[in-house]
file final.cif (mmCIF, N, CA and C atoms)
data_structure
#
loop_
_atom_site.group_PDB
_atom_site.id
_atom_site.type_symbol
_atom_site.label_atom_id
_atom_site.label_comp_id
_atom_site.auth_asym_id
_atom_site.auth_seq_id
_atom_site.Cartn_x
_atom_site.Cartn_y
_atom_site.Cartn_z
ATOM 1 N N MET A 25 48.919 25.558 -11.457
ATOM 2 C CA MET A 25 47.780 25.178 -12.230
ATOM 3 C C MET A 25 47.742 23.656 -12.341
ATOM 4 N N HIS A 26 46.542 23.130 -12.250
ATOM 5 C CA HIS A 26 46.377 21.688 -12.332
ATOM 6 C C HIS A 26 46.353 21.237 -13.779
ATOM 7 N N ASN A 27 46.783 20.040 -13.951
ATOM 8 C CA ASN A 27 46.775 19.448 -15.282
ATOM 9 C C ASN A 27 45.418 18.763 -15.487
ATOM 10 N N VAL A 28 44.389 19.544 -15.797
ATOM 11 C CA VAL A 28 43.025 19.044 -15.921
ATOM 12 C C VAL A 28 42.495 19.385 -17.298
ATOM 13 N N THR A 29 41.876 18.417 -17.914
ATOM 14 C CA THR A 29 41.244 18.647 -19.205
ATOM 15 C C THR A 29 39.747 18.809 -18.972
ATOM 16 N N PRO A 30 39.180 19.942 -19.316
ATOM 17 C CA PRO A 30 37.738 20.119 -19.099
ATOM 18 C C PRO A 30 36.925 19.225 -20.039
ATOM 19 N N MET A 31 35.911 18.627 -19.488
ATOM 20 C CA MET A 31 35.029 17.757 -20.275
ATOM 21 C C MET A 31 33.622 18.322 -20.198
ATOM 22 N N LEU A 32 32.939 18.251 -21.289
ATOM 23 C CA LEU A 32 31.569 18.733 -21.318
ATOM 24 C C LEU A 32 30.643 17.657 -20.763
ATOM 25 N N ALA A 33 29.738 18.078 -19.940
ATOM 26 C CA ALA A 33 28.773 17.135 -19.382
ATOM 27 C C ALA A 33 27.646 16.950 -20.386
ATOM 28 N N ARG A 34 27.454 15.720 -20.763
ATOM 29 C CA ARG A 34 26.379 15.427 -21.721
ATOM 30 C C ARG A 34 25.159 14.912 -20.973
ATOM 31 N N LYS A 35 24.023 15.370 -21.376
ATOM 32 C CA LYS A 35 22.787 14.910 -20.756
ATOM 33 C C LYS A 35 22.382 13.546 -21.297
ATOM 34 N N ASP A 36 22.871 13.182 -22.467
ATOM 35 C CA ASP A 36 22.501 11.906 -23.064
ATOM 36 C C ASP A 36 23.184 10.724 -22.398
ATOM 37 N N ASP A 37 24.320 10.956 -21.771
ATOM 38 C CA ASP A 37 25.085 9.856 -21.190
ATOM 39 C C ASP A 37 24.625 9.476 -19.792
ATOM 40 N N ARG A 38 23.746 10.252 -19.202
ATOM 41 C CA ARG A 38 23.269 9.915 -17.863
ATOM 42 C C ARG A 38 22.382 8.676 -17.919
ATOM 43 N N GLU A 39 22.421 7.923 -16.842
ATOM 44 C CA GLU A 39 21.585 6.730 -16.769
ATOM 45 C C GLU A 39 20.128 7.140 -16.596
ATOM 46 N N GLN A 40 19.293 6.494 -17.336
ATOM 47 C CA GLN A 40 17.863 6.757 -17.229
ATOM 48 C C GLN A 40 17.311 5.979 -16.037
ATOM 49 N N GLU A 41 16.570 6.646 -15.199
ATOM 50 C CA GLU A 41 15.964 5.977 -14.054
ATOM 51 C C GLU A 41 14.682 5.281 -14.488
ATOM 52 N N ASP A 42 14.465 4.118 -13.916
ATOM 53 C CA ASP A 42 13.215 3.426 -14.186
ATOM 54 C C ASP A 42 12.101 4.123 -13.423
ATOM 55 N N PRO A 43 10.950 4.270 -14.037
ATOM 56 C CA PRO A 43 9.849 4.907 -13.318
ATOM 57 C C PRO A 43 9.378 4.030 -12.160
ATOM 58 N N SER A 44 8.881 4.660 -11.118
ATOM 59 C CA SER A 44 8.392 3.936 -9.955
ATOM 60 C C SER A 44 6.935 3.561 -10.168
ATOM 61 N N TRP A 45 6.681 2.276 -10.210
ATOM 62 C CA TRP A 45 5.331 1.790 -10.437
ATOM 63 C C TRP A 45 4.729 1.187 -9.174
ATOM 64 N N SER A 46 5.413 1.302 -8.057
ATOM 65 C CA SER A 46 4.927 0.620 -6.865
ATOM 66 C C SER A 46 3.742 1.341 -6.217
ATOM 67 N N PHE A 47 3.721 2.649 -6.227
ATOM 68 C CA PHE A 47 2.640 3.368 -5.543
ATOM 69 C C PHE A 47 1.270 3.122 -6.171
ATOM 70 N N PRO A 48 1.095 3.262 -7.495
ATOM 71 C CA PRO A 48 -0.229 2.962 -8.059
ATOM 72 C C PRO A 48 -0.653 1.514 -7.826
ATOM 73 N N GLY A 49 0.290 0.591 -7.870
ATOM 74 C CA GLY A 49 -0.032 -0.804 -7.607
ATOM 75 C C GLY A 49 -0.489 -1.030 -6.178
ATOM 76 N N GLY A 50 0.161 -0.345 -5.241
ATOM 77 C CA GLY A 50 -0.253 -0.453 -3.838
ATOM 78 C C GLY A 50 -1.638 0.112 -3.602
ATOM 79 N N VAL A 51 -1.940 1.220 -4.257
ATOM 80 C CA VAL A 51 -3.273 1.823 -4.131
ATOM 81 C C VAL A 51 -4.331 0.897 -4.724
ATOM 82 N N VAL A 52 -4.023 0.298 -5.869
ATOM 83 C CA VAL A 52 -4.971 -0.634 -6.501
ATOM 84 C C VAL A 52 -5.174 -1.861 -5.613
ATOM 85 N N GLY A 53 -4.105 -2.360 -5.014
ATOM 86 C CA GLY A 53 -4.230 -3.499 -4.096
ATOM 87 C C GLY A 53 -5.054 -3.170 -2.870
ATOM 88 N N PHE A 54 -4.858 -1.963 -2.327
ATOM 89 C CA PHE A 54 -5.627 -1.532 -1.156
ATOM 90 C C PHE A 54 -7.106 -1.397 -1.498
ATOM 91 N N ALA A 55 -7.398 -0.799 -2.643
ATOM 92 C CA ALA A 55 -8.795 -0.647 -3.061
ATOM 93 C C ALA A 55 -9.427 -1.999 -3.369
ATOM 94 N N SER A 56 -8.668 -2.915 -3.937
ATOM 95 C CA SER A 56 -9.197 -4.251 -4.222
ATOM 96 C C SER A 56 -9.496 -5.007 -2.932
ATOM 97 N N TYR A 57 -8.695 -4.778 -1.907
ATOM 98 C CA TYR A 57 -8.948 -5.402 -0.610
ATOM 99 C C TYR A 57 -10.307 -4.982 -0.063
ATOM 100 N N TRP A 58 -10.597 -3.684 -0.115
ATOM 101 C CA TRP A 58 -11.884 -3.203 0.409
ATOM 102 C C TRP A 58 -13.047 -3.655 -0.465
ATOM 103 N N LEU A 59 -12.816 -3.759 -1.745
ATOM 104 C CA LEU A 59 -13.849 -4.287 -2.635
ATOM 105 C C LEU A 59 -14.148 -5.736 -2.297
ATOM 106 N N ALA A 60 -13.096 -6.529 -2.116
ATOM 107 C CA ALA A 60 -13.289 -7.942 -1.792
ATOM 108 C C ALA A 60 -13.900 -8.118 -0.402
ATOM 109 N N LEU A 61 -13.592 -7.230 0.520
ATOM 110 C CA LEU A 61 -14.176 -7.313 1.857
ATOM 111 C C LEU A 61 -15.661 -6.973 1.837
ATOM 112 N N ALA A 62 -16.080 -6.132 0.896
ATOM 113 C CA ALA A 62 -17.488 -5.727 0.829
ATOM 114 C C ALA A 62 -18.368 -6.787 0.166
ATOM 115 N N ILE A 63 -17.795 -7.654 -0.630
ATOM 116 C CA ILE A 63 -18.602 -8.640 -1.365
ATOM 117 C C ILE A 63 -19.386 -9.570 -0.436
ATOM 118 N N PRO A 64 -18.805 -10.126 0.647
ATOM 119 C CA PRO A 64 -19.627 -10.959 1.549
ATOM 120 C C PRO A 64 -20.774 -10.191 2.206
ATOM 121 N N PHE A 65 -20.584 -8.903 2.467
ATOM 122 C CA PHE A 65 -21.673 -8.105 3.034
ATOM 123 C C PHE A 65 -22.806 -7.937 2.032
ATOM 124 N N VAL A 66 -22.473 -7.809 0.771
ATOM 125 C CA VAL A 66 -23.502 -7.674 -0.264
ATOM 126 C C VAL A 66 -24.258 -8.980 -0.427
ATOM 127 N N ILE A 67 -23.553 -10.100 -0.369
ATOM 128 C CA ILE A 67 -24.192 -11.404 -0.592
ATOM 129 C C ILE A 67 -24.976 -11.861 0.631
ATOM 130 N N TYR A 68 -24.360 -11.809 1.826
ATOM 131 C CA TYR A 68 -24.974 -12.377 3.020
ATOM 132 C C TYR A 68 -25.600 -11.351 3.956
ATOM 133 N N GLY A 69 -25.378 -10.088 3.739
ATOM 134 C CA GLY A 69 -25.993 -9.055 4.562
ATOM 135 C C GLY A 69 -25.288 -8.868 5.896
ATOM 136 N N ALA A 70 -26.051 -8.448 6.882
ATOM 137 C CA ALA A 70 -25.497 -8.096 8.192
ATOM 138 C C ALA A 70 -25.002 -9.311 8.977
ATOM 139 N N ASN A 71 -25.416 -10.517 8.592
ATOM 140 C CA ASN A 71 -24.941 -11.710 9.293
ATOM 141 C C ASN A 71 -23.445 -11.920 9.125
ATOM 142 N N THR A 72 -22.860 -11.283 8.156
ATOM 143 C CA THR A 72 -21.425 -11.402 7.926
ATOM 144 C C THR A 72 -20.642 -10.818 9.091
ATOM 145 N N LEU A 73 -21.207 -9.844 9.788
ATOM 146 C CA LEU A 73 -20.512 -9.258 10.933
ATOM 147 C C LEU A 73 -20.244 -10.287 12.016
ATOM 148 N N PHE A 74 -21.178 -11.206 12.266
ATOM 149 C CA PHE A 74 -20.972 -12.247 13.273
ATOM 150 C C PHE A 74 -19.857 -13.198 12.852
ATOM 151 N N PHE A 75 -19.769 -13.473 11.565
ATOM 152 C CA PHE A 75 -18.701 -14.334 11.057
ATOM 153 C C PHE A 75 -17.349 -13.643 11.183
ATOM 154 N N PHE A 76 -17.301 -12.355 10.849
ATOM 155 C CA PHE A 76 -16.048 -11.612 10.929
ATOM 156 C C PHE A 76 -15.627 -11.330 12.368
ATOM 157 N N LEU A 77 -16.543 -11.464 13.325
ATOM 158 C CA LEU A 77 -16.212 -11.212 14.721
ATOM 159 C C LEU A 77 -15.096 -12.128 15.205
ATOM 160 N N TYR A 78 -15.097 -13.377 14.747
ATOM 161 C CA TYR A 78 -14.092 -14.339 15.183
ATOM 162 C C TYR A 78 -12.993 -14.579 14.153
ATOM 163 N N THR A 79 -13.202 -14.199 12.925
ATOM 164 C CA THR A 79 -12.234 -14.527 11.882
ATOM 165 C C THR A 79 -11.508 -13.301 11.327
ATOM 166 N N TRP A 80 -11.666 -12.134 11.956
ATOM 167 C CA TRP A 80 -11.074 -10.925 11.398
ATOM 168 C C TRP A 80 -9.560 -10.982 11.263
ATOM 169 N N PRO A 81 -8.795 -11.683 12.141
ATOM 170 C CA PRO A 81 -7.335 -11.684 11.924
ATOM 171 C C PRO A 81 -6.920 -12.329 10.602
ATOM 172 N N PHE A 82 -7.676 -13.330 10.169
ATOM 173 C CA PHE A 82 -7.349 -13.984 8.904
ATOM 174 C C PHE A 82 -7.553 -13.025 7.728
ATOM 175 N N PHE A 83 -8.637 -12.296 7.777
ATOM 176 C CA PHE A 83 -8.922 -11.371 6.685
ATOM 177 C C PHE A 83 -8.034 -10.132 6.750
ATOM 178 N N LEU A 84 -7.649 -9.725 7.952
ATOM 179 C CA LEU A 84 -6.732 -8.606 8.082
ATOM 180 C C LEU A 84 -5.348 -8.971 7.541
ATOM 181 N N ALA A 85 -4.983 -10.239 7.652
ATOM 182 C CA ALA A 85 -3.693 -10.687 7.113
ATOM 183 C C ALA A 85 -3.652 -10.612 5.591
ATOM 184 N N LEU A 86 -4.811 -10.557 4.944
ATOM 185 C CA LEU A 86 -4.836 -10.441 3.492
ATOM 186 C C LEU A 86 -4.578 -9.011 3.001
ATOM 187 N N LEU A 87 -4.613 -8.031 3.897
ATOM 188 C CA LEU A 87 -4.370 -6.645 3.479
ATOM 189 C C LEU A 87 -2.964 -6.446 2.915
ATOM 190 N N PRO A 88 -1.890 -6.817 3.633
ATOM 191 C CA PRO A 88 -0.566 -6.642 3.013
ATOM 192 C C PRO A 88 -0.360 -7.522 1.794
ATOM 193 N N VAL A 89 -0.991 -8.687 1.786
ATOM 194 C CA VAL A 89 -0.890 -9.566 0.613
ATOM 195 C C VAL A 89 -1.544 -8.898 -0.590
ATOM 196 N N SER A 90 -2.678 -8.251 -0.382
ATOM 197 C CA SER A 90 -3.362 -7.563 -1.470
ATOM 198 C C SER A 90 -2.540 -6.402 -2.013
ATOM 199 N N VAL A 91 -1.918 -5.653 -1.121
ATOM 200 C CA VAL A 91 -1.080 -4.539 -1.562
ATOM 201 C C VAL A 91 0.123 -5.061 -2.352
ATOM 202 N N LEU A 92 0.727 -6.141 -1.886
ATOM 203 C CA LEU A 92 1.854 -6.716 -2.611
ATOM 204 C C LEU A 92 1.444 -7.286 -3.966
ATOM 205 N N VAL A 93 0.265 -7.875 -4.037
ATOM 206 C CA VAL A 93 -0.232 -8.369 -5.325
ATOM 207 C C VAL A 93 -0.398 -7.209 -6.292
ATOM 208 N N GLY A 94 -0.928 -6.089 -5.809
ATOM 209 C CA GLY A 94 -1.077 -4.917 -6.664
ATOM 210 C C GLY A 94 0.257 -4.371 -7.143
ATOM 211 N N ILE A 95 1.241 -4.330 -6.248
ATOM 212 C CA ILE A 95 2.559 -3.826 -6.628
ATOM 213 C C ILE A 95 3.217 -4.748 -7.650
ATOM 214 N N VAL A 96 3.167 -6.042 -7.405
ATOM 215 C CA VAL A 96 3.791 -7.004 -8.327
ATOM 216 C C VAL A 96 3.109 -6.974 -9.684
ATOM 217 N N ALA A 97 1.785 -6.906 -9.681
ATOM 218 C CA ALA A 97 1.061 -6.862 -10.952
ATOM 219 C C ALA A 97 1.413 -5.594 -11.729
ATOM 220 N N ASN A 98 1.520 -4.482 -11.038
ATOM 221 C CA ASN A 98 1.831 -3.224 -11.717
ATOM 222 C C ASN A 98 3.258 -3.208 -12.256
ATOM 223 N N VAL A 99 4.193 -3.805 -11.532
ATOM 224 C CA VAL A 99 5.573 -3.861 -12.012
ATOM 225 C C VAL A 99 5.682 -4.820 -13.195
ATOM 226 N N LEU A 100 5.033 -5.977 -13.093
ATOM 227 C CA LEU A 100 5.109 -6.944 -14.190
ATOM 228 C C LEU A 100 4.413 -6.450 -15.454
ATOM 229 N N LEU A 101 3.363 -5.668 -15.293
ATOM 230 C CA LEU A 101 2.646 -5.139 -16.454
ATOM 231 C C LEU A 101 3.191 -3.782 -16.893
ATOM 232 N N ARG A 102 4.281 -3.349 -16.293
ATOM 233 C CA ARG A 102 4.993 -2.115 -16.655
ATOM 234 C C ARG A 102 4.103 -0.873 -16.639
ATOM 235 N N GLY A 103 3.302 -0.771 -15.595
ATOM 236 C CA GLY A 103 2.530 0.440 -15.382
ATOM 237 C C GLY A 103 1.247 0.569 -16.176
ATOM 238 N N GLN A 104 0.802 -0.487 -16.825
ATOM 239 C CA GLN A 104 -0.479 -0.431 -17.543
ATOM 240 C C GLN A 104 -1.590 -0.558 -16.508
ATOM 241 N N LEU A 105 -2.203 0.573 -16.188
ATOM 242 C CA LEU A 105 -3.092 0.653 -15.036
ATOM 243 C C LEU A 105 -4.374 -0.154 -15.202
ATOM 244 N N ILE A 106 -4.951 -0.164 -16.388
ATOM 245 C CA ILE A 106 -6.211 -0.897 -16.587
ATOM 246 C C ILE A 106 -6.014 -2.390 -16.351
ATOM 247 N N TRP A 107 -4.953 -2.947 -16.926
ATOM 248 C CA TRP A 107 -4.693 -4.376 -16.735
ATOM 249 C C TRP A 107 -4.298 -4.674 -15.300
ATOM 250 N N THR A 108 -3.614 -3.756 -14.657
ATOM 251 C CA THR A 108 -3.259 -3.931 -13.257
ATOM 252 C C THR A 108 -4.492 -3.977 -12.369
ATOM 253 N N ILE A 109 -5.432 -3.082 -12.635
ATOM 254 C CA ILE A 109 -6.673 -3.056 -11.850
ATOM 255 C C ILE A 109 -7.434 -4.365 -12.027
ATOM 256 N N LEU A 110 -7.568 -4.823 -13.257
ATOM 257 C CA LEU A 110 -8.307 -6.060 -13.517
ATOM 258 C C LEU A 110 -7.628 -7.271 -12.881
ATOM 259 N N LEU A 111 -6.326 -7.402 -13.097
ATOM 260 C CA LEU A 111 -5.607 -8.564 -12.565
ATOM 261 C C LEU A 111 -5.601 -8.562 -11.041
ATOM 262 N N THR A 112 -5.348 -7.415 -10.436
ATOM 263 C CA THR A 112 -5.303 -7.333 -8.977
ATOM 264 C C THR A 112 -6.672 -7.608 -8.367
ATOM 265 N N ALA A 113 -7.713 -7.051 -8.956
ATOM 266 C CA ALA A 113 -9.060 -7.284 -8.424
ATOM 267 C C ALA A 113 -9.430 -8.764 -8.496
ATOM 268 N N VAL A 114 -9.126 -9.402 -9.594
ATOM 269 C CA VAL A 114 -9.456 -10.834 -9.739
ATOM 270 C C VAL A 114 -8.674 -11.674 -8.736
ATOM 271 N N VAL A 115 -7.383 -11.418 -8.592
ATOM 272 C CA VAL A 115 -6.561 -12.221 -7.674
ATOM 273 C C VAL A 115 -6.983 -11.998 -6.228
ATOM 274 N N VAL A 116 -7.237 -10.756 -5.842
ATOM 275 C CA VAL A 116 -7.599 -10.470 -4.450
ATOM 276 C C VAL A 116 -8.983 -11.026 -4.122
ATOM 277 N N VAL A 117 -9.926 -10.900 -5.031
ATOM 278 C CA VAL A 117 -11.255 -11.479 -4.794
ATOM 279 C C VAL A 117 -11.166 -12.999 -4.703
ATOM 280 N N CYS A 118 -10.339 -13.613 -5.513
ATOM 281 C CA CYS A 118 -10.156 -15.067 -5.422
ATOM 282 C C CYS A 118 -9.511 -15.467 -4.096
ATOM 283 N N LEU A 119 -8.556 -14.675 -3.609
ATOM 284 C CA LEU A 119 -7.961 -14.961 -2.307
ATOM 285 C C LEU A 119 -8.997 -14.862 -1.187
ATOM 286 N N PHE A 120 -9.833 -13.827 -1.243
ATOM 287 C CA PHE A 120 -10.893 -13.688 -0.244
ATOM 288 C C PHE A 120 -11.878 -14.843 -0.328
ATOM 289 N N TRP A 121 -12.264 -15.204 -1.532
ATOM 290 C CA TRP A 121 -13.217 -16.304 -1.697
ATOM 291 C C TRP A 121 -12.625 -17.602 -1.167
ATOM 292 N N LEU A 122 -11.346 -17.836 -1.440
ATOM 293 C CA LEU A 122 -10.687 -19.047 -0.964
ATOM 294 C C LEU A 122 -10.652 -19.082 0.559
ATOM 295 N N LEU A 123 -10.288 -17.982 1.189
ATOM 296 C CA LEU A 123 -10.251 -17.924 2.649
ATOM 297 C C LEU A 123 -11.645 -18.015 3.249
ATOM 298 N N PHE A 124 -12.599 -17.335 2.637
ATOM 299 C CA PHE A 124 -13.970 -17.349 3.146
ATOM 300 C C PHE A 124 -14.557 -18.760 3.092
ATOM 301 N N THR A 125 -14.358 -19.449 1.985
ATOM 302 C CA THR A 125 -14.905 -20.813 1.872
ATOM 303 C C THR A 125 -14.153 -21.779 2.775
ATOM 304 N N LEU A 126 -12.866 -21.558 2.965
ATOM 305 C CA LEU A 126 -12.099 -22.409 3.881
ATOM 306 C C LEU A 126 -12.617 -22.261 5.303
ATOM 307 N N LEU A 127 -12.860 -21.024 5.726
ATOM 308 C CA LEU A 127 -13.301 -20.794 7.106
ATOM 309 C C LEU A 127 -14.766 -21.172 7.321
ATOM 310 N N THR A 128 -15.601 -20.993 6.329
ATOM 311 C CA THR A 128 -17.008 -21.364 6.525
ATOM 312 C C THR A 128 -17.204 -22.863 6.491
ATOM 313 N N GLY A 129 -16.356 -23.583 5.807
ATOM 314 C CA GLY A 129 -16.476 -25.034 5.761
ATOM 315 C C GLY A 129 -15.730 -25.739 6.858
ATOM 316 N N TRP A 130 -14.978 -24.984 7.673
ATOM 317 C CA TRP A 130 -14.149 -25.574 8.708
ATOM 318 C C TRP A 130 -14.932 -25.968 9.885
#

call {"tool": "encode", "arguments": {"input": "final.cif", "output": "structure tokens"}}
result
Amino acid sequence: MHNVTPMLARKDDREQEDPSWSFPGGVVGFASYWLALAIPFVIYGANTLFFFLYTWPFFLALLPVSVLVGIVANVLLRGQLIWTILLTAVVVVCLFWLLFTLLTGW
């Protein structure tokens, strides 16, 4: 027989896992990207397609940046979805506006 003392497993002593907030933030960032991409079409109409014909790689590069902005905002705001949506939408639209004005003035 082994010299073992039985111990009761307590559920209170287990480490609590932090909730995963990255997925909702990524979805919000992805949706904000498409919202920001649609704004030039609403303002300038179909002529925006000719502009995007040559500049699409720059705007496509903003897609992972938008998703990361959504994830970071959601983690920093600890999963508060309304504030995450507002902050991510404002930052992503500002990034699009900055890139759009940079390329149109170039």

call {"tool": "atom_distance", "arguments": {"input": "final.cif", "atom1": "atom CA of A:Arg102", "atom2": "atom C of A:Ser90"}}
result
17.0 Å

call {"tool": "resolve_selection", "arguments": {"input": "final.cif", "expression": "the PyMOL selection byres (((chain A and resi 89 and name CA) around 12) and name CA)", "output": "list in words"}}
result
Gly50, Gly53, Phe54, Ser56, Tyr57, Phe82, Phe83, Leu84, Ala85, Leu86, Leu87, Pro88, Ser90, Val91, Leu92, Val93, Gly94, Ile95, Val96, Thr112, Val115, Val116, Val117, Leu119 and Phe120 of chain A

call {"tool": "closest_residue", "arguments": {"input": "final.cif", "among": "A:Leu122, A:Leu61, A:Val28, A:Ala97", "to": "A:Leu73", "atoms": "only C-alpha atoms"}}
result
A:Leu61

call {"tool": "atom_distance", "arguments": {"input": "final.cif", "atom1": "atom N of A:Thr125", "atom2": "atom CA of A:Ala113"}}
result
16.9 Å

call {"tool": "atom_distance", "arguments": {"input": "final.cif", "atom1": "atom N of A:Leu126", "atom2": "atom CA of A:Val114"}}
result
17.0 Å

call {"tool": "closest_residue", "arguments": {"input": "final.cif", "among": "A:Ala60, A:Leu100, A:Ile106, A:Ala70", "to": "A:Trp121", "atoms": "only N, CA and C atoms"}}
result
A:Ala60

call {"tool": "select_by_dssp", "arguments": {"input": "final.cif", "residues": "stretch 32-126 of chain A", "states": "helix (DSSP H, G or I)", "output": "number ranges by chain"}}
result
A: 46-84, 86-100, 105-126

call {"tool": "build_atoms", "arguments": {"input": "final.cif", "residues": "stretch 43-60 of chain A", "atoms": "N, CA, C and O atoms", "output": "mmCIF file, in the frame of the given file"}}
result
data_model
loop_
_atom_site.group_PDB
_atom_site.id
_atom_site.type_symbol
_atom_site.label_atom_id
_atom_site.label_comp_id
_atom_site.auth_asym_id
_atom_site.auth_seq_id
_atom_site.Cartn_x
_atom_site.Cartn_y
_atom_site.Cartn_z
ATOM 1 N N PRO A 43 10.950 4.270 -14.037
ATOM 2 C CA PRO A 43 9.849 4.907 -13.318
ATOM 3 C C PRO A 43 9.378 4.030 -12.160
ATOM 4 O O PRO A 43 9.468 2.808 -12.207
ATOM 5 N N SER A 44 8.881 4.660 -11.118
ATOM 6 C CA SER A 44 8.392 3.936 -9.955
ATOM 7 C C SER A 44 6.935 3.561 -10.168
ATOM 8 O O SER A 44 6.070 4.422 -10.290
ATOM 9 N N TRP A 45 6.681 2.276 -10.210
ATOM 10 C CA TRP A 45 5.331 1.790 -10.437
ATOM 11 C C TRP A 45 4.729 1.187 -9.174
ATOM 12 O O TRP A 45 3.664 0.601 -9.214
ATOM 13 N N SER A 46 5.413 1.302 -8.057
ATOM 14 C CA SER A 46 4.927 0.620 -6.865
ATOM 15 C C SER A 46 3.742 1.341 -6.217
ATOM 16 O O SER A 46 2.839 0.682 -5.698
ATOM 17 N N PHE A 47 3.721 2.649 -6.227
ATOM 18 C CA PHE A 47 2.640 3.368 -5.543
ATOM 19 C C PHE A 47 1.270 3.122 -6.171
ATOM 20 O O PHE A 47 0.321 2.785 -5.445
ATOM 21 N N PRO A 48 1.095 3.262 -7.495
ATOM 22 C CA PRO A 48 -0.229 2.962 -8.059
ATOM 23 C C PRO A 48 -0.653 1.514 -7.826
ATOM 24 O O PRO A 48 -1.828 1.237 -7.585
ATOM 25 N N GLY A 49 0.290 0.591 -7.870
ATOM 26 C CA GLY A 49 -0.032 -0.804 -7.607
ATOM 27 C C GLY A 49 -0.489 -1.030 -6.178
ATOM 28 O O GLY A 49 -1.407 -1.796 -5.911
ATOM 29 N N GLY A 50 0.161 -0.345 -5.241
ATOM 30 C CA GLY A 50 -0.253 -0.453 -3.838
ATOM 31 C C GLY A 50 -1.638 0.112 -3.602
ATOM 32 O O GLY A 50 -2.432 -0.446 -2.846
ATOM 33 N N VAL A 51 -1.940 1.220 -4.257
ATOM 34 C CA VAL A 51 -3.273 1.823 -4.131
ATOM 35 C C VAL A 51 -4.331 0.897 -4.724
ATOM 36 O O VAL A 51 -5.408 0.710 -4.146
ATOM 37 N N VAL A 52 -4.023 0.298 -5.869
ATOM 38 C CA VAL A 52 -4.971 -0.634 -6.501
ATOM 39 C C VAL A 52 -5.174 -1.861 -5.613
ATOM 40 O O VAL A 52 -6.302 -2.340 -5.443
ATOM 41 N N GLY A 53 -4.105 -2.360 -5.014
ATOM 42 C CA GLY A 53 -4.230 -3.499 -4.096
ATOM 43 C C GLY A 53 -5.054 -3.170 -2.870
ATOM 44 O O GLY A 53 -5.878 -3.971 -2.418
ATOM 45 N N PHE A 54 -4.858 -1.963 -2.327
ATOM 46 C CA PHE A 54 -5.627 -1.532 -1.156
ATOM 47 C C PHE A 54 -7.106 -1.397 -1.498
ATOM 48 O O PHE A 54 -7.979 -1.844 -0.741
ATOM 49 N N ALA A 55 -7.398 -0.799 -2.643
ATOM 50 C CA ALA A 55 -8.795 -0.647 -3.061
ATOM 51 C C ALA A 55 -9.427 -1.999 -3.369
ATOM 52 O O ALA A 55 -10.611 -2.228 -3.050
ATOM 53 N N SER A 56 -8.668 -2.915 -3.937
ATOM 54 C CA SER A 56 -9.197 -4.251 -4.222
ATOM 55 C C SER A 56 -9.496 -5.007 -2.932
ATOM 56 O O SER A 56 -10.441 -5.795 -2.874
ATOM 57 N N TYR A 57 -8.695 -4.778 -1.907
ATOM 58 C CA TYR A 57 -8.948 -5.402 -0.610
ATOM 59 C C TYR A 57 -10.307 -4.982 -0.063
ATOM 60 O O TYR A 57 -11.094 -5.816 0.388
ATOM 61 N N TRP A 58 -10.597 -3.684 -0.115
ATOM 62 C CA TRP A 58 -11.884 -3.203 0.409
ATOM 63 C C TRP A 58 -13.047 -3.655 -0.465
ATOM 64 O O TRP A 58 -14.139 -3.921 0.046
ATOM 65 N N LEU A 59 -12.816 -3.759 -1.745
ATOM 66 C CA LEU A 59 -13.849 -4.287 -2.635
ATOM 67 C C LEU A 59 -14.148 -5.736 -2.297
ATOM 68 O O LEU A 59 -15.321 -6.140 -2.178
ATOM 69 N N ALA A 60 -13.096 -6.529 -2.116
ATOM 70 C CA ALA A 60 -13.289 -7.942 -1.792
ATOM 71 C C ALA A 60 -13.900 -8.118 -0.402
ATOM 72 O O ALA A 60 -14.662 -9.062 -0.176
#
